[in-house]
Each structure stands twice: as structure tokens, then as C-alpha cells.
Amino acid sequence: MTTLISKKRELRRAMRAARLAHWQALPDSHRALIFGRPPRIILPLIEHAETVGLYHAMPGEVPTARYADHMLDMGKMMALPWTRSAEGPMIFRLWTGSEQTLEQGPWGPQPHAAMPQVVPGALFMPLVAFDSAMGRLGQGGGHYDAWCAANPDTRRIGLAWTVQQADRVPAEPHDMPLDAVITEQQVLLPHNEREFS
């Protein structure tokens with residue numbers, strides 16, 4: 001177990017650096033055009049979801065602002081992660097799509113505590129690394145792992161830059177695979193099905 005934890009730590013360190021370097025190298029104008037809307041092949045994963053979970057992107061992470069606009073155009077309700085403290089637990093609260101309705105939380109902007117708690121039917125998730133077997137390596141806090149374990153019917157879609165793909169993500173028994181991964185170059189689905197964008 002210690003070896004597995006060490007492997008995860010080393011992979012996180014390398015992938016965080018690669019992710020940030022890739023993001024910093026993108027011109028602002030180019031950054032604004034990437035990830036405009038979910039690829040068509042992903043729509044079956046979100047079409048039945050009344051509420052779609054997103055995240056407020058931090059520097060280096062795949063931006064989600066245009067996905068948020070697209071969800072509103074599709075008539076979806078949106079939710080963002082919310083936590084009272086850095087230790088968790090993490091839940092999701094409704095979000096109107098306006099930056100003015102956010103407050104500062106332990107991990108950055110999050111919906112106001114008065115917003116209703118919801119369970120998204122589909123969830124676009126940030127990640128540090130992924131592999132072709134749909135393995136996901138998160139930040140290490142276990143917030144998404146715990147939430148997904150408690151809500152296994154929610155469709156899990158990772159958003160990442162291509163540089164974040166690893167040969168193999170070390171997995172523990174509690175780690176749940178993703179239903180899809182979207183990068184700026186392709187969509188990965190289970191069983192190595194791919195659609196290039």
C-alpha cells in the first residue's frame with residue numbers, strides 16, 4: 001500500500017507540473033476557444049441528467065465556463081462542489097451560472113451555502129492524470145472518490161489536457177473508473193473506443 005501511495009504521489013507531482021506548463025503555454029485567446037461544448041458522442045451520458053455537475057476551474061485545469069453556458073442552453077440545471085472545510089465532506093449545490101452567486105470556499109469559488117443541495121445525474125470532473133482504462137488520479141483529498149462512491153449512478157466524465165494521460169494510473173480498491181475522458185484532442189470511452197475531435 002505504501003508503494004502505491006508513493007507512486008500516486010510521484011505521478012501527481014509530475015502531472016501537475018505538465019498540466020500547468022501546458023496551460024501556461026496556451027495563448028489566452030486560444031484558451032477561450034477550447035472546450036466550447038461537449039462532443040456529440042458524450043451527449044448520451046448527460047441527456048437524461050436533470051442536473052449536471054461542473055467545477056470552477058483553477059489555474060492549469062481545463063476551463064468549464066463555456067460548458068456551463070452550453071448546459072444552460074440545453075435547459076440543464078447546474079451544480080458545483082461545495083464543502084464547509086478543506087477536510088470535507090464534499091456535496092453539490094445548485095449554481096445559477098453567475099459568478100456573482102459564488103462565495104469563497106476552502107478550494108476556491110463555490111455556491112452560496114443557502115443554495116439547495118443536489119445530486120447531479122452527470123458530472124464533469126477535474127483530474128490530475130488519467131489512463132486509457134478510464135482510471136482517474138485526483139488531487140489526493142479523496143473528495144470526489146467519496147462522493148462518487150456514495151452516488152454510483154452519476155455518470156463520471158473527466159476533463160483533461162492530453163499531456164495528463166499516463167501509461168497507467170495506480171488504482172486502489174475504492175477508485176472508480178470514469179465513463180469517459182474528454183481532452184482537447186479526443187474523447188476516450190471504455191474498452192479503448194475513441195473519437196477524435
# chains A, B, ... in the order shown; residues from 1 in each chain; ligands from 1
call {"tool": "select_by_dssp", "arguments": {"residues": "range 12-145 of chain A", "states": "strand (DSSP E or B)", "output": "number ranges by chain"}}
result
A: 51-53, 77-82, 91-95, 102-105, 108-111, 117-118, 122-125, 129-130, 136-137
call {"tool": "residues_around", "arguments": {"residues": "range 156-170 of chain A", "least_positions_apart": "5", "cutoff": "6 Å", "atoms": "only C-alpha atoms", "output": "list in words"}}
result
Met15, Val62, Leu123, Phe124, Met125, Pro126, Ala129, Phe130, Asp131, Gly135, Leu178, Asp179, Ala180, Val181, Ile182 and Thr183 of chain A
call {"tool": "write_last_selection", "arguments": {"atoms": "C-alpha atoms", "output": "PDB file, in the first residue's frame"}}
result
ATOM      1  CA  MET A  15       1.363  15.591 -13.933  1.00  0.00           C
ATOM      2  CA  VAL A  62      -9.450  22.507 -18.169  1.00  0.00           C
ATOM      3  CA  LEU A 123     -20.578  15.069 -13.510  1.00  0.00           C
ATOM      4  CA  PHE A 124     -17.687  16.710 -15.355  1.00  0.00           C
ATOM      5  CA  MET A 125     -14.681  16.136 -13.095  1.00  0.00           C
ATOM      6  CA  PRO A 126     -11.227  17.682 -12.884  1.00  0.00           C
ATOM      7  CA  ALA A 129      -3.923  12.180 -14.535  1.00  0.00           C
ATOM      8  CA  PHE A 130      -5.895   9.558 -16.451  1.00  0.00           C
ATOM      9  CA  ASP A 131      -5.187   6.424 -18.452  1.00  0.00           C
ATOM     10  CA  GLY A 135      -8.506   5.394 -14.373  1.00  0.00           C
ATOM     11  CA  LEU A 178     -14.600   7.195 -15.414  1.00  0.00           C
ATOM     12  CA  ASP A 179     -17.326   6.769 -18.032  1.00  0.00           C
ATOM     13  CA  ALA A 180     -15.392   8.989 -20.459  1.00  0.00           C
ATOM     14  CA  VAL A 181     -12.457  11.374 -20.687  1.00  0.00           C
ATOM     15  CA  ILE A 182     -12.541  14.476 -22.877  1.00  0.00           C
ATOM     16  CA  THR A 183      -9.285  16.144 -23.906  1.00  0.00           C
TER      17      THR A 183
END
call {"tool": "atom_distance", "arguments": {"atom1": "CA of Glu184 in chain A", "atom2": "CA of Ile34 in chain A"}}
result
6.8 Å
call {"tool": "residues_around", "arguments": {"residues": "range 110-117 of chain A", "least_positions_apart": "5", "cutoff": "10 Å", "atoms": "only C-alpha atoms", "output": "JSON, numbers by chain"}}
result
{"A": [55, 56, 79, 80, 81, 82, 83, 84, 91, 92, 93, 94, 95, 96, 97, 98, 99, 100, 101, 102, 103, 104, 105]}
call {"tool": "write_last_selection", "arguments": {"atoms": "N, CA, C and O atoms", "output": "compact mmCIF listing (two decimals), in the first residue's frame"}}
result
# COMPACT_ATOMS: atom_id res chain seq x y z
N TYR A 55 -17.18 22.09 -12.31
CA TYR A 55 -16.26 22.59 -11.29
C TYR A 55 -15.78 23.95 -11.74
O TYR A 55 -15.81 24.28 -12.93
N HIS A 56 -15.41 24.77 -10.81
CA HIS A 56 -14.86 26.09 -11.11
C HIS A 56 -13.36 25.91 -11.31
O HIS A 56 -12.63 25.64 -10.36
N ALA A 79 -24.70 22.41 -11.05
CA ALA A 79 -24.26 22.36 -9.66
C ALA A 79 -22.74 22.39 -9.61
O ALA A 79 -22.07 21.94 -10.54
N LEU A 80 -22.22 22.93 -8.51
CA LEU A 80 -20.79 22.97 -8.27
C LEU A 80 -20.48 22.32 -6.93
O LEU A 80 -21.34 22.29 -6.03
N PRO A 81 -19.26 21.83 -6.76
CA PRO A 81 -18.88 21.26 -5.46
C PRO A 81 -18.96 22.32 -4.36
O PRO A 81 -18.69 23.50 -4.60
N TRP A 82 -19.31 21.86 -3.19
CA TRP A 82 -19.37 22.73 -2.01
C TRP A 82 -18.85 21.95 -0.82
O TRP A 82 -19.18 20.78 -0.64
N THR A 83 -18.02 22.60 -0.03
CA THR A 83 -17.54 21.97 1.20
C THR A 83 -17.34 23.04 2.26
O THR A 83 -16.95 24.17 1.95
N ARG A 84 -17.64 22.70 3.50
CA ARG A 84 -17.52 23.65 4.60
C ARG A 84 -16.05 23.85 4.99
O ARG A 84 -15.63 24.93 5.38
N ILE A 91 -20.19 18.10 -1.11
CA ILE A 91 -21.52 17.90 -1.67
C ILE A 91 -21.64 18.79 -2.90
O ILE A 91 -20.69 19.51 -3.25
N PHE A 92 -22.78 18.76 -3.56
CA PHE A 92 -23.03 19.66 -4.69
C PHE A 92 -24.22 20.54 -4.36
O PHE A 92 -25.21 20.09 -3.80
N ARG A 93 -24.10 21.82 -4.71
CA ARG A 93 -25.19 22.78 -4.56
C ARG A 93 -25.50 23.41 -5.91
O ARG A 93 -24.61 23.57 -6.75
N LEU A 94 -26.77 23.75 -6.11
CA LEU A 94 -27.17 24.38 -7.36
C LEU A 94 -26.39 25.66 -7.59
O LEU A 94 -26.03 26.37 -6.65
N TRP A 95 -26.14 25.95 -8.85
CA TRP A 95 -25.45 27.17 -9.25
C TRP A 95 -26.20 27.78 -10.42
O TRP A 95 -26.58 27.08 -11.36
N THR A 96 -26.40 29.09 -10.37
CA THR A 96 -27.17 29.79 -11.41
C THR A 96 -26.36 30.03 -12.68
O THR A 96 -26.92 30.38 -13.71
N GLY A 97 -25.04 29.88 -12.60
CA GLY A 97 -24.20 30.18 -13.74
C GLY A 97 -23.55 31.54 -13.66
O GLY A 97 -22.71 31.90 -14.47
N SER A 98 -23.94 32.33 -12.65
CA SER A 98 -23.40 33.68 -12.48
C SER A 98 -22.27 33.67 -11.45
O SER A 98 -22.41 33.07 -10.38
N GLU A 99 -21.17 34.36 -11.78
CA GLU A 99 -20.06 34.48 -10.83
C GLU A 99 -20.49 35.23 -9.57
O GLU A 99 -19.92 35.03 -8.49
N GLN A 100 -21.51 36.09 -9.70
CA GLN A 100 -21.97 36.88 -8.56
C GLN A 100 -22.65 36.02 -7.50
O GLN A 100 -22.83 36.46 -6.36
N THR A 101 -23.05 34.80 -7.86
CA THR A 101 -23.74 33.93 -6.89
C THR A 101 -22.77 32.98 -6.20
O THR A 101 -23.20 32.06 -5.50
N LEU A 102 -21.47 33.20 -6.38
CA LEU A 102 -20.47 32.35 -5.75
C LEU A 102 -19.86 33.05 -4.55
O LEU A 102 -19.83 34.28 -4.47
N GLU A 103 -19.39 32.26 -3.61
CA GLU A 103 -18.65 32.77 -2.46
C GLU A 103 -17.35 32.00 -2.36
O GLU A 103 -17.21 30.93 -2.97
N GLN A 104 -16.41 32.52 -1.62
CA GLN A 104 -15.12 31.85 -1.49
C GLN A 104 -15.23 30.68 -0.52
O GLN A 104 -15.71 30.83 0.60
N GLY A 105 -14.79 29.50 -0.97
CA GLY A 105 -14.76 28.32 -0.13
C GLY A 105 -13.34 27.87 0.11
O GLY A 105 -12.39 28.53 -0.35
call {"tool": "closest_residue", "arguments": {"among": "A:Pro89, A:Pro173, A:Gly141, A:Pro59", "to": "Gln24 in chain A", "atoms": "only C-alpha atoms"}}
result
A:Pro59
call {"tool": "closest_residue", "arguments": {"among": "A:Ile41, A:Met71, A:Ala25, A:Leu33", "to": "Leu54 in chain A", "atoms": "only C-alpha atoms"}}
result
A:Met71
call {"tool": "atom_distance", "arguments": {"atom1": "CA of His48 in chain A", "atom2": "CA of Leu127 in chain A"}}
result
24.0 Å
call {"tool": "atom_distance", "arguments": {"atom1": "CA of Ala17 in chain A", "atom2": "CA of Val52 in chain A"}}
result
29.0 Å
call {"tool": "closest_residue", "arguments": {"among": "A:Pro177, A:Ala150, A:Met77, A:Phe35", "to": "Thr64 in chain A", "atoms": "only C-alpha atoms"}}
result
A:Phe35
call {"tool": "residues_around", "arguments": {"residues": "Ile46 in chain A", "least_positions_apart": "3", "cutoff": "9 Å", "atoms": "only C-alpha atoms", "output": "list of chain:residue names"}}
result
A:Ile42, A:Leu43, A:Ala49, A:Glu50, A:Thr51, A:Val52, A:Gly121, A:Ala122, A:Leu123, A:Arg155
call {"tool": "closest_residue", "arguments": {"among": "A:Ala65, A:Lys8, A:Val119, A:Pro44", "to": "Asp153 in chain A", "atoms": "only C-alpha atoms"}}
result
A:Val119
call {"tool": "closest_residue", "arguments": {"among": "A:Glu61, A:Asp145, A:Asp73, A:Glu47", "to": "Met90 in chain A", "atoms": "only C-alpha atoms"}}
result
A:Asp145
